[in-house]
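Peer 1: Contents of structure.cif (mmCIF, C-alpha atoms) are below:
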data_entry
loop_
_atom_site.label_atom_id
_atom_site.label_comp_id
_atom_site.auth_asym_id
_atom_site.auth_seq_id
_atom_site.Cartn_x
_atom_site.Cartn_y
_atom_site.Cartn_z
CA MET W 2 19.13 27.92 -22.92
CA PRO W 3 16.01 25.74 -23.34
CA ARG W 4 16.50 22.01 -22.98
CA GLU W 5 14.93 19.88 -25.69
CA ILE W 6 12.22 17.21 -25.47
CA LEU W 7 11.76 14.59 -28.19
CA ASN W 8 8.14 13.62 -28.79
CA ILE W 9 7.35 10.01 -29.83
CA GLN W 10 3.83 9.04 -30.87
CA VAL W 11 3.03 5.34 -31.07
CA GLN W 12 -0.16 3.81 -32.51
CA ARG W 13 -2.65 5.18 -34.97
CA ARG W 14 -5.59 6.44 -32.90
CA ALA W 15 -4.30 7.34 -29.45
CA GLY W 16 -0.70 8.14 -30.32
CA ASN W 17 -0.78 9.78 -33.72
CA GLN W 18 -4.20 11.45 -33.59
CA VAL W 19 -3.61 12.90 -30.10
CA GLY W 20 -0.15 13.93 -31.33
CA ASP W 21 -1.73 15.70 -34.31
CA ALA W 22 -4.02 17.73 -31.96
CA PHE W 23 -1.04 18.48 -29.68
CA TRP W 24 1.14 19.82 -32.52
CA ASN W 25 -1.71 21.96 -33.88
CA MET W 26 -2.11 23.53 -30.43
CA LEU W 27 1.66 24.03 -30.02
CA LEU W 28 1.86 25.81 -33.39
CA ALA W 29 -0.93 28.20 -32.33
CA GLU W 30 0.64 28.90 -28.91
CA HIS W 31 4.05 29.67 -30.42
CA GLY W 32 2.64 31.80 -33.25
CA LEU W 33 3.82 29.40 -35.97
CA GLY W 34 1.97 28.80 -39.22
CA LYS W 35 1.26 25.34 -40.64
CA ASP W 36 4.36 25.77 -42.82
CA GLY W 37 6.58 26.26 -39.72
CA HIS W 38 7.25 30.00 -40.23
CA TYR W 39 6.76 32.45 -37.36
CA GLN W 40 3.66 34.67 -37.71
CA GLY W 41 3.18 35.89 -34.13
CA LYS W 42 3.97 39.20 -32.44
CA ASP W 43 4.98 38.24 -28.90
CA ILE W 44 8.73 37.71 -28.34
CA GLN W 45 7.98 35.22 -25.53
CA GLN W 46 6.60 32.79 -28.13
CA LEU W 47 10.08 32.29 -29.61
CA GLU W 48 12.15 32.46 -26.43
CA ARG W 49 11.97 28.73 -25.73
CA VAL W 50 10.39 27.44 -28.93
CA THR W 51 13.33 25.06 -29.48
CA THR W 52 12.12 22.83 -26.61
CA TYR W 53 9.81 21.07 -29.08
CA PHE W 54 10.92 22.55 -32.42
CA GLU W 55 14.20 22.59 -34.30
CA GLU W 56 15.14 25.81 -36.08
CA ILE W 57 16.02 25.35 -39.76
CA THR W 58 17.60 28.41 -41.38
CA GLY W 59 19.19 27.17 -44.61
CA GLY W 60 18.04 28.58 -47.94
CA GLU W 61 14.95 30.47 -46.71
CA PRO W 62 14.60 34.19 -45.93
CA SER W 63 13.18 33.51 -42.45
CA ALA W 64 13.74 30.62 -40.03
CA ARG W 65 11.48 27.59 -40.25
CA TYR W 66 10.62 25.49 -37.22
CA VAL W 67 10.34 21.70 -37.56
CA PRO W 68 8.83 19.49 -34.80
CA ARG W 69 11.17 17.25 -32.79
CA SER W 70 8.97 14.19 -33.21
CA VAL W 71 8.90 10.57 -34.40
CA GLN W 72 5.58 9.07 -35.56
CA ILE W 73 5.24 5.28 -35.39
CA ASP W 74 2.52 2.81 -36.33
CA LEU W 75 2.43 -0.87 -37.30
CA GLU W 76 -0.15 -0.01 -39.99
CA ALA W 77 0.42 2.75 -42.53
CA GLY W 78 -3.25 3.87 -42.93
CA VAL W 79 -3.63 6.59 -40.28
CA ALA W 80 0.00 7.71 -40.56
CA ASN W 81 -0.50 8.29 -44.29
CA ARG W 82 -3.69 10.24 -43.66
CA LEU W 83 -1.97 12.50 -41.11
CA ARG W 84 1.04 12.85 -43.37
CA SER W 85 -1.15 14.19 -46.16
CA GLY W 86 -3.08 16.42 -43.70
CA PRO W 87 -2.69 20.19 -43.04
CA ILE W 88 0.51 19.88 -40.93
CA GLY W 89 1.88 16.62 -42.38
CA GLY W 90 4.45 18.49 -44.48
CA LEU W 91 5.92 20.08 -41.34
CA PHE W 92 7.48 16.79 -40.14
CA ARG W 93 10.70 15.38 -41.53
CA PRO W 94 9.86 12.60 -44.06
CA ASP W 95 12.19 10.09 -42.35
CA THR W 96 10.40 10.48 -38.98
CA TRP W 97 7.30 8.61 -40.24
CA ILE W 98 7.82 4.92 -39.52
CA ALA W 99 5.12 2.37 -40.39
CA GLY W 100 4.98 -1.43 -40.51
CA GLU W 101 2.95 -3.63 -42.78
CA GLY W 102 0.84 -6.02 -40.74
CA GLY W 103 -0.45 -4.27 -37.60
CA ALA W 104 -0.58 -5.77 -34.11
CA GLY W 105 -4.24 -6.83 -34.13
CA ASN W 106 -4.81 -5.61 -30.53
CA ASN W 107 -2.27 -8.15 -29.33
CA TRP W 108 0.37 -6.84 -26.88
CA ALA W 109 2.71 -9.77 -27.65
CA LYS W 110 2.62 -9.04 -31.39
CA GLY W 111 3.84 -5.47 -30.76
CA CYS W 112 6.39 -6.29 -28.06
CA THR W 113 7.79 -9.82 -28.20
CA SER W 114 7.11 -11.07 -31.74
CA SER W 115 9.01 -10.35 -34.96
CA VAL W 116 6.45 -7.66 -35.94
CA GLY W 117 7.73 -5.16 -33.34
CA ALA W 118 11.33 -6.41 -33.48
CA GLU W 119 11.55 -5.73 -37.24
CA LEU W 120 10.72 -2.06 -36.72
CA VAL W 121 12.52 -1.32 -33.47
CA ASP W 122 16.00 -0.96 -35.02
CA SER W 123 14.86 1.62 -37.59
CA ILE W 124 12.93 3.45 -34.82
CA THR W 125 15.98 3.65 -32.52
CA ASP W 126 18.12 4.84 -35.47
CA THR W 127 15.63 7.64 -36.23
CA ILE W 128 15.50 8.60 -32.54
CA ARG W 129 19.31 8.63 -32.35
CA LYS W 130 19.48 11.01 -35.34
CA ALA W 131 16.90 13.29 -33.72
CA THR W 132 18.78 13.35 -30.38
CA GLU W 133 22.09 14.16 -32.10
CA SER W 134 20.66 17.49 -33.28
CA CYS W 135 19.81 18.46 -29.65
CA GLU W 136 22.22 20.56 -27.60
CA ALA W 137 20.95 19.52 -24.16
CA LEU W 138 18.29 16.79 -24.37
CA GLN W 139 16.00 16.72 -21.31
CA GLY W 140 14.25 13.54 -22.22
CA PHE W 141 11.43 11.92 -24.17
CA GLN W 142 7.65 12.11 -24.05
CA ILE W 143 5.72 9.15 -25.45
CA ILE W 144 2.04 9.34 -26.43
CA HIS W 145 0.40 5.91 -26.57
CA SER W 146 -2.61 3.84 -25.55
CA LEU W 147 -2.45 0.90 -23.15
CA GLY W 148 -5.45 -0.96 -24.59
CA GLY W 149 -4.30 -1.88 -28.10
CA GLY W 150 -1.43 -3.91 -29.50
CA THR W 151 0.74 -1.19 -31.06
CA GLY W 152 0.61 1.52 -28.38
CA ALA W 153 0.83 -0.97 -25.52
CA GLY W 154 3.13 -3.64 -26.99
CA LEU W 155 5.45 -1.65 -29.26
CA GLY W 156 5.28 1.26 -26.77
CA SER W 157 6.56 -1.05 -24.00
CA LEU W 158 9.35 -2.39 -26.20
CA LEU W 159 10.37 1.16 -27.10
CA LEU W 160 10.38 2.24 -23.44
CA SER W 161 12.77 -0.54 -22.47
CA LYS W 162 15.06 0.30 -25.44
CA LEU W 163 15.12 4.02 -24.53
CA ARG W 164 15.84 3.22 -20.88
CA GLU W 165 18.72 1.01 -22.00
CA GLU W 166 20.23 3.54 -24.45
CA TYR W 167 19.50 6.78 -22.55
CA PRO W 168 19.62 5.79 -18.86
CA ASP W 169 20.21 9.36 -17.63
CA ARG W 170 17.39 11.01 -19.63
CA MET W 171 13.82 11.56 -18.41
CA LEU W 172 11.10 9.30 -19.82
CA ALA W 173 7.57 10.72 -19.53
CA THR W 174 4.50 9.04 -21.03
CA PHE W 175 0.97 10.25 -21.76
CA SER W 176 -0.84 6.94 -21.50
CA VAL W 177 -4.48 6.57 -22.58
CA LEU W 178 -6.02 3.87 -20.37
CA PRO W 179 -8.86 1.57 -21.40
CA SER W 180 -12.18 2.23 -19.68
CA PRO W 181 -15.14 -0.15 -19.27
CA LYS W 182 -17.70 2.21 -20.82
CA VAL W 183 -15.63 2.92 -23.93
CA SER W 184 -14.11 -0.49 -24.65
CA GLU W 185 -12.80 -1.46 -28.07
CA THR W 186 -11.50 -4.97 -27.56
CA VAL W 187 -12.00 -7.80 -25.09
CA VAL W 188 -8.28 -8.27 -24.31
CA GLU W 189 -7.74 -4.67 -23.09
CA PRO W 190 -7.17 -5.79 -19.44
CA TYR W 191 -4.33 -8.09 -20.59
CA ASN W 192 -2.72 -5.38 -22.72
CA MET W 193 -3.02 -2.78 -19.97
CA LEU W 194 -1.51 -4.83 -17.13
CA LEU W 195 1.34 -6.11 -19.29
CA SER W 196 2.09 -2.45 -20.16
CA VAL W 197 1.81 -1.24 -16.56
CA HIS W 198 4.36 -3.93 -15.66
CA GLN W 199 6.82 -2.22 -18.07
CA LEU W 200 5.85 1.35 -17.13
CA VAL W 201 6.58 0.66 -13.44
CA GLU W 202 10.14 -0.35 -14.32
CA ASN W 203 11.04 1.97 -17.20
CA SER W 204 9.06 5.23 -17.02
CA ASP W 205 9.89 8.26 -14.83
CA LEU W 206 6.48 9.95 -15.14
CA THR W 207 3.26 8.37 -16.44
CA ILE W 208 0.37 10.77 -16.94
CA CYS W 209 -2.82 8.68 -17.01
CA ILE W 210 -5.78 9.67 -19.17
CA ASP W 211 -8.91 7.65 -19.87
CA ASN W 212 -11.67 7.91 -22.44
CA GLU W 213 -14.45 7.58 -19.87
CA ALA W 214 -13.44 10.81 -18.09
CA LEU W 215 -12.89 12.58 -21.44
CA TYR W 216 -16.40 11.61 -22.63
CA ASP W 217 -17.87 12.79 -19.32
CA ILE W 218 -16.16 16.22 -19.54
CA ASN W 219 -17.35 16.67 -23.14
CA LEU W 220 -20.94 15.78 -22.29
CA ARG W 221 -21.27 17.52 -18.93
CA ALA W 222 -18.99 20.57 -19.08
CA LEU W 223 -18.52 21.29 -22.78
CA LYS W 224 -22.13 20.32 -23.72
CA VAL W 225 -21.04 18.24 -26.72
CA LYS W 226 -23.93 15.81 -27.30
CA ALA W 227 -22.04 13.24 -29.38
CA PRO W 228 -18.29 13.60 -28.69
CA THR W 229 -15.99 12.46 -31.49
CA PHE W 230 -12.36 11.34 -31.13
CA ASP W 231 -11.33 14.84 -32.26
CA ASP W 232 -13.15 16.31 -29.22
CA LEU W 233 -11.39 13.85 -26.90
CA ASN W 234 -8.00 14.48 -28.52
CA ASN W 235 -8.36 18.25 -28.08
CA LEU W 236 -8.86 17.79 -24.32
CA VAL W 237 -5.71 15.65 -24.08
CA ALA W 238 -3.79 18.22 -26.14
CA GLN W 239 -4.89 21.01 -23.76
CA VAL W 240 -3.50 19.09 -20.79
CA MET W 241 -0.29 18.23 -22.65
CA CYS W 242 0.24 21.91 -23.53
CA GLY W 243 -0.60 22.88 -19.94
CA THR W 244 1.89 20.48 -18.35
CA SER W 245 4.66 21.58 -20.73
CA THR W 246 4.00 25.33 -20.20
CA SER W 247 6.88 25.85 -17.79
CA LEU W 248 9.23 24.12 -20.23
CA ARG W 249 8.15 26.26 -23.22
CA PHE W 250 7.66 29.77 -21.80
CA PRO W 251 9.55 31.95 -19.31
CA GLY W 252 7.83 32.62 -16.00
CA GLN W 253 8.08 32.63 -12.21
CA LEU W 254 8.91 29.41 -10.36
CA ASN W 255 9.73 27.61 -13.57
CA GLY W 256 11.16 24.14 -13.91
CA ASP W 257 11.99 21.30 -16.25
CA LEU W 258 10.93 17.64 -16.45
CA ARG W 259 13.43 16.56 -13.81
CA LYS W 260 12.33 19.24 -11.33
CA LEU W 261 8.71 18.33 -11.98
CA SER W 262 9.33 14.66 -11.23
CA LEU W 263 11.50 15.50 -8.21
CA ASN W 264 8.53 17.30 -6.63
CA LEU W 265 5.90 14.79 -7.69
CA ILE W 266 7.50 11.37 -7.16
CA PRO W 267 8.21 10.52 -3.48
CA PHE W 268 8.86 6.81 -4.32
CA PRO W 269 10.17 5.55 -7.67
CA ARG W 270 7.32 3.11 -8.37
CA LEU W 271 4.59 5.64 -7.54
CA HIS W 272 4.91 7.74 -10.67
CA PHE W 273 1.36 7.37 -12.06
CA LEU W 274 -0.19 10.84 -12.12
CA CYS W 275 -3.76 12.14 -12.52
CA PRO W 276 -4.05 15.25 -14.71
CA SER W 277 -6.78 17.89 -14.30
CA TYR W 278 -7.56 21.11 -16.14
CA ALA W 279 -9.65 24.24 -15.57
CA PRO W 280 -11.72 26.01 -16.73
CA PHE W 281 -13.98 23.84 -18.91
CA HIS W 282 -16.70 25.97 -20.55
CA ALA W 283 -19.02 25.21 -23.45
CA LEU W 284 -18.20 26.95 -26.73
CA GLY W 285 -19.54 30.52 -26.74
CA SER W 286 -20.26 30.65 -23.01
CA GLN W 287 -16.81 31.77 -21.79
CA ALA W 288 -17.78 35.44 -21.81
CA PHE W 289 -20.45 34.75 -19.17
CA TYR W 290 -18.10 33.30 -16.55
CA ARG W 291 -15.72 35.10 -14.22
CA VAL W 292 -12.64 33.02 -13.48
CA SER W 293 -10.78 33.78 -10.26
CA VAL W 294 -7.68 32.07 -8.92
CA PRO W 295 -9.51 30.38 -5.99
CA ASP W 296 -12.12 29.08 -8.51
CA LEU W 297 -9.39 27.64 -10.73
CA THR W 298 -7.63 26.08 -7.74
CA SER W 299 -10.72 24.37 -6.35
CA ALA W 300 -11.67 23.15 -9.87
CA LEU W 301 -8.24 21.51 -10.29
CA PHE W 302 -8.87 19.33 -7.22
CA ASP W 303 -12.48 18.56 -8.21
CA ARG W 304 -13.24 15.03 -9.43
CA ARG W 305 -15.23 16.40 -12.40
CA ASN W 306 -12.14 18.10 -13.86
CA LEU W 307 -9.92 15.00 -13.73
CA LEU W 308 -8.99 13.37 -17.02
CA VAL W 309 -8.94 9.93 -15.45
CA ALA W 310 -11.96 8.11 -13.97
CA ALA W 311 -10.82 8.11 -10.33
CA ASP W 312 -12.35 9.89 -7.34
CA PRO W 313 -9.75 11.76 -5.22
CA ARG W 314 -12.16 11.70 -2.24
CA PHE W 315 -11.41 7.97 -1.89
CA GLY W 316 -7.66 8.51 -1.64
CA ARG W 317 -5.13 11.02 -0.38
CA TYR W 318 -2.82 13.37 -2.26
CA LEU W 319 0.85 12.55 -1.81
CA THR W 320 1.98 15.46 -3.99
CA ALA W 321 0.63 17.79 -6.68
CA ALA W 322 2.03 20.30 -9.17
CA THR W 323 -0.20 23.20 -10.25
CA ILE W 324 0.58 25.29 -13.34
CA PHE W 325 -1.28 28.61 -13.67
CA ARG W 326 -1.36 30.54 -16.94
CA GLY W 327 -2.35 34.16 -17.56
CA LYS W 328 -1.52 37.64 -16.27
CA VAL W 329 -2.13 37.25 -12.55
CA SER W 330 0.07 38.05 -9.58
CA SER W 331 1.47 35.36 -7.29
CA ARG W 332 -1.32 32.95 -6.33
CA GLU W 333 0.19 30.48 -3.93
CA PHE W 334 -2.22 31.67 -1.23
CA ALA W 335 -5.14 29.99 -3.06
CA VAL W 336 -3.41 26.60 -3.04
CA HIS W 337 -2.41 26.84 0.63
CA GLU W 338 -5.92 27.95 1.57
CA LEU W 339 -7.40 24.91 -0.20
CA GLN W 340 -4.88 22.64 1.56
CA ARG W 341 -5.76 24.14 4.92
CA LYS W 342 -9.51 23.63 4.42
CA ASN W 343 -9.10 20.08 3.07
CA SER W 344 -6.14 18.90 5.12
CA HIS W 345 -7.65 15.38 5.42
CA MET W 346 -7.14 14.92 1.63
CA PHE W 347 -3.35 15.51 1.80
CA VAL W 348 -0.80 13.32 3.55
CA GLU W 349 0.67 15.12 6.55
CA TRP W 350 4.16 13.60 6.33
CA ILE W 351 5.19 15.53 3.17
CA PRO W 352 5.36 19.27 4.00
CA ASP W 353 4.53 21.79 1.23
CA ASN W 354 3.52 18.98 -1.09
CA VAL W 355 1.75 21.19 -3.67
CA SER W 356 4.14 23.08 -5.97
CA VAL W 357 3.04 26.17 -7.93
CA THR W 358 4.29 27.29 -11.35
CA LEU W 359 3.27 30.64 -12.86
CA CYS W 360 3.38 31.59 -16.53
CA SER W 361 2.10 34.87 -17.96
CA VAL W 362 1.26 33.42 -21.42
CA PRO W 363 -2.37 32.18 -21.43
CA PRO W 364 -3.67 29.39 -23.71
CA ILE W 365 -5.17 30.43 -27.06
CA GLY W 366 -8.66 31.89 -26.61
CA LYS W 367 -8.48 32.11 -22.80
CA VAL W 368 -7.50 34.78 -20.29
CA GLN W 369 -6.48 32.36 -17.55
CA ALA W 370 -6.20 28.61 -17.20
CA ALA W 371 -4.63 26.06 -14.89
CA THR W 372 -3.36 22.49 -15.12
CA CYS W 373 -2.59 20.13 -12.27
CA LEU W 374 -0.68 16.84 -12.05
CA SER W 375 -1.50 15.02 -8.84
CA ASN W 376 0.03 11.93 -7.30
CA THR W 377 -2.92 10.50 -5.41
CA THR W 378 -3.62 7.07 -3.96
CA ALA W 379 -7.06 7.23 -5.65
CA ILE W 380 -5.37 6.14 -8.92
CA GLN W 381 -5.54 2.57 -7.60
CA GLU W 382 -9.26 2.57 -8.60
CA VAL W 383 -8.16 2.50 -12.24
CA PHE W 384 -5.73 -0.39 -11.70
CA LYS W 385 -8.21 -2.30 -9.55
CA ARG W 386 -10.82 -2.12 -12.31
CA SER W 387 -8.49 -3.66 -14.92
CA LEU W 388 -6.98 -6.12 -12.45
CA THR W 389 -10.41 -7.58 -11.63
CA GLN W 390 -11.15 -8.13 -15.34
CA PHE W 391 -7.61 -9.48 -15.93
CA ALA W 392 -7.89 -11.98 -13.05
CA ALA W 393 -11.30 -13.27 -14.21
CA MET W 394 -9.99 -14.08 -17.70
CA TYR W 395 -6.53 -15.27 -16.67
CA LYS W 396 -7.93 -17.71 -14.11
CA ARG W 397 -9.72 -19.53 -16.94
CA GLY W 398 -6.87 -19.15 -19.45
CA ALA W 399 -9.10 -17.20 -21.85
CA TYR W 400 -7.36 -15.73 -24.93
CA LEU W 401 -3.91 -16.77 -23.65
CA HIS W 402 -3.15 -18.80 -26.79
CA TRP W 403 -3.01 -15.58 -28.86
CA TYR W 404 -0.18 -14.34 -26.63
CA THR W 405 1.76 -17.58 -26.10
CA GLY W 406 1.57 -18.17 -29.89
CA GLU W 407 3.65 -14.99 -30.33
CA GLY W 408 6.41 -16.24 -28.05
CA MET W 409 5.19 -15.11 -24.62
CA ASP W 410 5.37 -17.24 -21.48
CA SER W 411 2.25 -17.47 -19.29
CA MET W 412 4.50 -16.65 -16.30
CA GLU W 413 4.77 -13.09 -17.67
CA PHE W 414 1.05 -12.70 -16.98
CA SER W 415 1.51 -13.82 -13.36
CA GLU W 416 4.40 -11.37 -12.92
CA ALA W 417 2.35 -8.50 -14.37
CA GLU W 418 -0.55 -9.37 -12.06
CA SER W 419 1.61 -9.49 -8.90
CA ASN W 420 3.49 -6.32 -9.90
CA THR W 421 0.19 -4.42 -10.20
CA HIS W 422 -0.94 -5.90 -6.83
CA ASP W 423 2.27 -4.60 -5.24
CA LEU W 424 1.71 -1.18 -6.82
CA MET W 425 -1.66 -0.88 -5.12
#
Can the structure from this file be put into structure tokens for me?
Peer 2:
Amino acid sequence: MPREILNIQVQRRAGNQVGDAFWNMLLAEHGLGKDGHYQGKDIQQLERVTTYFEEITGGEPSARYVPRSVQIDLEAGVANRLRSGPIGGLFRPDTWIAGEGGAGNNWAKGCTSSVGAELVDSITDTIRKATESCEALQGFQIIHSLGGGTGAGLGSLLLSKLREEYPDRMLATFSVLPSPKVSETVVEPYNMLLSVHQLVENSDLTICIDNEALYDINLRALKVKAPTFDDLNNLVAQVMCGTSTSLRFPGQLNGDLRKLSLNLIPFPRLHFLCPSYAPFHALGSQAFYRVSVPDLTSALFDRRNLLVAADPRFGRYLTAATIFRGKVSSREFAVHELQRKNSHMFVEWIPDNVSVTLCSVPPIGKVQAATCLSNTTAIQEVFKRSLTQFAAMYKRGAYLHWYTGEGMDSMEFSEAESNTHDLM
């Protein structure tokens, strides 16, 4: 019996637009139409479809599948646009929750002020209703950004509430990190470190993604000259579908969220993971490339295929989980061969620290593909970058009045700073 995951998307751009791309991809992979009815021909597509979808059978000749998802924003604009979009009618009407004012890129407004507090009760009620319809809930996955006010602030508040109410369930987050080259607001370092402070305490798995790496992959590998947010969102959706493959389809060496985290997290605080994906080919050029298992394996551990702007050559891999998709026989040899040749990149005190999952169902439009989640010390580059910017502003007290005016104490900034220092 498949165990269910409840998806929660917070914030308009990162959360809800990435979520929209993710659901579109899930529908295609499970052979479901935009109305939720099954249109595919492969029985494997329906075997574990209830991980992310709930089957509704009443009053219709064939079963309809409805996403297990809650969509949240402090402003109604983007939520309304998605709701009236091609798959908006697929979601339950009561799972769209929107505020009135917005958080104005202020973490405190989303987390500690009345703006977030007003919504949090109705959010937890909606989540409770969604969990009651699950037979064996695995946990939650949250899609949010750490740079803005809604995704970072309200996302942090929601994490602490979920940890309080569901202490024995897994909490995984897909967190879009701010990057210096693609910055939207000057207070991003504050918002990020205040969020990391909460993620360290309340999340079980945090999969880090940043816009800088996504832009780079689009320009260099996919040959998109002017990447739009849709291009970036599709990349994130590919990785999200890749990491959830073993939860959604039958295959060899399969697992669930808890098994995944058991293999990947040697210490509870070190649960910030770098995702990578292969192959990346420009549109129309796939037919000209031969993809072998060793090629896929080496690409997964290549800096250019990482979805976060960190260089694994400047750190060491503690653990990694590789997920291969497509009709290929057992491929563990490729991973072990790579480990043997690059033994200096892996810590020697964790034996067999790269796990392998095999699934025979390939992604849409590809023969083979692979996804990797790696727990590497190189992730500290990302934290160091934001910590430097945070320290420079905090030392001078810049912009603090916007946060203290919403009920925050300046000591919370010091705690977030020292917590991130300890993490590194």
Peer 1: Could you tell me which residues the PyMOL selection byres ((chain W and resi 67) around 10) returns for this structure, as a PDB file with C-alpha atoms, in the frame of the given file?
Peer 2:
ATOM      1  CA  ASP W  36       4.360  25.770 -42.820  1.00  0.00           C
ATOM      2  CA  GLY W  37       6.580  26.260 -39.720  1.00  0.00           C
ATOM      3  CA  HIS W  38       7.250  30.000 -40.230  1.00  0.00           C
ATOM      4  CA  THR W  51      13.330  25.060 -29.480  1.00  0.00           C
ATOM      5  CA  TYR W  53       9.810  21.070 -29.080  1.00  0.00           C
ATOM      6  CA  PHE W  54      10.920  22.550 -32.420  1.00  0.00           C
ATOM      7  CA  GLU W  55      14.200  22.590 -34.300  1.00  0.00           C
ATOM      8  CA  GLU W  56      15.140  25.810 -36.080  1.00  0.00           C
ATOM      9  CA  ILE W  57      16.020  25.350 -39.760  1.00  0.00           C
ATOM     10  CA  ALA W  64      13.740  30.620 -40.030  1.00  0.00           C
ATOM     11  CA  ARG W  65      11.480  27.590 -40.250  1.00  0.00           C
ATOM     12  CA  TYR W  66      10.620  25.490 -37.220  1.00  0.00           C
ATOM     13  CA  PRO W  68       8.830  19.490 -34.800  1.00  0.00           C
ATOM     14  CA  ARG W  69      11.170  17.250 -32.790  1.00  0.00           C
ATOM     15  CA  SER W  70       8.970  14.190 -33.210  1.00  0.00           C
ATOM     16  CA  GLY W  90       4.450  18.490 -44.480  1.00  0.00           C
ATOM     17  CA  LEU W  91       5.920  20.080 -41.340  1.00  0.00           C
ATOM     18  CA  PHE W  92       7.480  16.790 -40.140  1.00  0.00           C
ATOM     19  CA  ARG W  93      10.700  15.380 -41.530  1.00  0.00           C
TER      20      ARG W  93
END
Peer 1: Output the residue selection produced by the PyMOL selection byres ((chain W and resi 167) around 12) on the file above, formatted as an MDAnalysis selection string.
Peer 2: chainID W and resid 125 128:129 132 138:141 159:166 168:172 203:204
Peer 1: With only C-alpha atoms as the atoms that count, which of W:Thr298, W:Thr127, W:Thr96, W:Thr372 lies nearest to Cys242 in chain W?
Peer 2: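 Closest candidate: W:Thr372.
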Peer 1: So what do you get for CA of Arg82 in chain W versus CA of Trp97 in chain W, distance-wise?
Peer 2: 11.6 Å
Peer 1: Quick one: of W:Met394, W:Cys373, W:Leu248, W:Leu233, who's nearest to Leu265 in chain W, counting all atoms listed in the file?
Peer 2: W:Cys373
Peer 1: What lies within 10 Å of Ala392 in chain W using all atoms listed in the file, ignoring chain neighbours under 2 positions off, as a PyMOL selection string?
Peer 2: chain W and resi 190-191+387-390+394-398+414-415+418
Peer 1: Atoms to include: C-alpha atoms. Write the selected residues as a PDB file, keeping the file's coordinate frame.
Peer 2:
ATOM      1  CA  PRO W 190      -7.170  -5.790 -19.440  1.00  0.00           C
ATOM      2  CA  TYR W 191      -4.330  -8.090 -20.590  1.00  0.00           C
ATOM      3  CA  SER W 387      -8.490  -3.660 -14.920  1.00  0.00           C
ATOM      4  CA  LEU W 388      -6.980  -6.120 -12.450  1.00  0.00           C
ATOM      5  CA  THR W 389     -10.410  -7.580 -11.630  1.00  0.00           C
ATOM      6  CA  GLN W 390     -11.150  -8.130 -15.340  1.00  0.00           C
ATOM      7  CA  MET W 394      -9.990 -14.080 -17.700  1.00  0.00           C
ATOM      8  CA  TYR W 395      -6.530 -15.270 -16.670  1.00  0.00           C
ATOM      9  CA  LYS W 396      -7.930 -17.710 -14.110  1.00  0.00           C
ATOM     10  CA  ARG W 397      -9.720 -19.530 -16.940  1.00  0.00           C
ATOM     11  CA  GLY W 398      -6.870 -19.150 -19.450  1.00  0.00           C
ATOM     12  CA  PHE W 414       1.050 -12.700 -16.980  1.00  0.00           C
ATOM     13  CA  SER W 415       1.510 -13.820 -13.360  1.00  0.00           C
ATOM     14  CA  GLU W 418      -0.550  -9.370 -12.060  1.00  0.00           C
TER      15      GLU W 418
END
Peer 1: What's the separation between CA of Asp74 in chain W and CA of Ile88 in chain W, in Å to one decimal place?
Peer 2: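 Taking CA of Asp74 in chain W as the start and CA of Ile88 in chain W as the end point, the length is 17.8 Å.
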Peer 1: Please determine, counting only C-alpha atoms, which residue among W:Asn8, W:Glu76, W:Thr151, W:Thr377 has the shortest atom-to-atom distance to Pro267 in chain W.
Peer 2: W:Thr377
Peer 1: Translate the PyMOL selection byres ((chain W and resi 346-354) around 10), as applied to the file shown, into an explicit residue set as a PyMOL selection string.
Peer 2: chain W and resi 264-265+267+313-322+337+340-345+355-357+377
Peer 1: Generate a file of the selected residues that holds C-alpha atoms, formatted as a PDB file, in the coordinates of the input.
Peer 2:
ATOM      1  CA  ASN W 264       8.530  17.300  -6.630  1.00  0.00           C
ATOM      2  CA  LEU W 265       5.900  14.790  -7.690  1.00  0.00           C
ATOM      3  CA  PRO W 267       8.210  10.520  -3.480  1.00  0.00           C
ATOM      4  CA  PRO W 313      -9.750  11.760  -5.220  1.00  0.00           C
ATOM      5  CA  ARG W 314     -12.160  11.700  -2.240  1.00  0.00           C
ATOM      6  CA  PHE W 315     -11.410   7.970  -1.890  1.00  0.00           C
ATOM      7  CA  GLY W 316      -7.660   8.510  -1.640  1.00  0.00           C
ATOM      8  CA  ARG W 317      -5.130  11.020  -0.380  1.00  0.00           C
ATOM      9  CA  TYR W 318      -2.820  13.370  -2.260  1.00  0.00           C
ATOM     10  CA  LEU W 319       0.850  12.550  -1.810  1.00  0.00           C
ATOM     11  CA  THR W 320       1.980  15.460  -3.990  1.00  0.00           C
ATOM     12  CA  ALA W 321       0.630  17.790  -6.680  1.00  0.00           C
ATOM     13  CA  ALA W 322       2.030  20.300  -9.170  1.00  0.00           C
ATOM     14  CA  HIS W 337      -2.410  26.840   0.630  1.00  0.00           C
ATOM     15  CA  GLN W 340      -4.880  22.640   1.560  1.00  0.00           C
ATOM     16  CA  ARG W 341      -5.760  24.140   4.920  1.00  0.00           C
ATOM     17  CA  LYS W 342      -9.510  23.630   4.420  1.00  0.00           C
ATOM     18  CA  ASN W 343      -9.100  20.080   3.070  1.00  0.00           C
ATOM     19  CA  SER W 344      -6.140  18.900   5.120  1.00  0.00           C
ATOM     20  CA  HIS W 345      -7.650  15.380   5.420  1.00  0.00           C
ATOM     21  CA  VAL W 355       1.750  21.190  -3.670  1.00  0.00           C
ATOM     22  CA  SER W 356       4.140  23.080  -5.970  1.00  0.00           C
ATOM     23  CA  VAL W 357       3.040  26.170  -7.930  1.00  0.00           C
ATOM     24  CA  THR W 377      -2.920  10.500  -5.410  1.00  0.00           C
TER      25      THR W 377
END
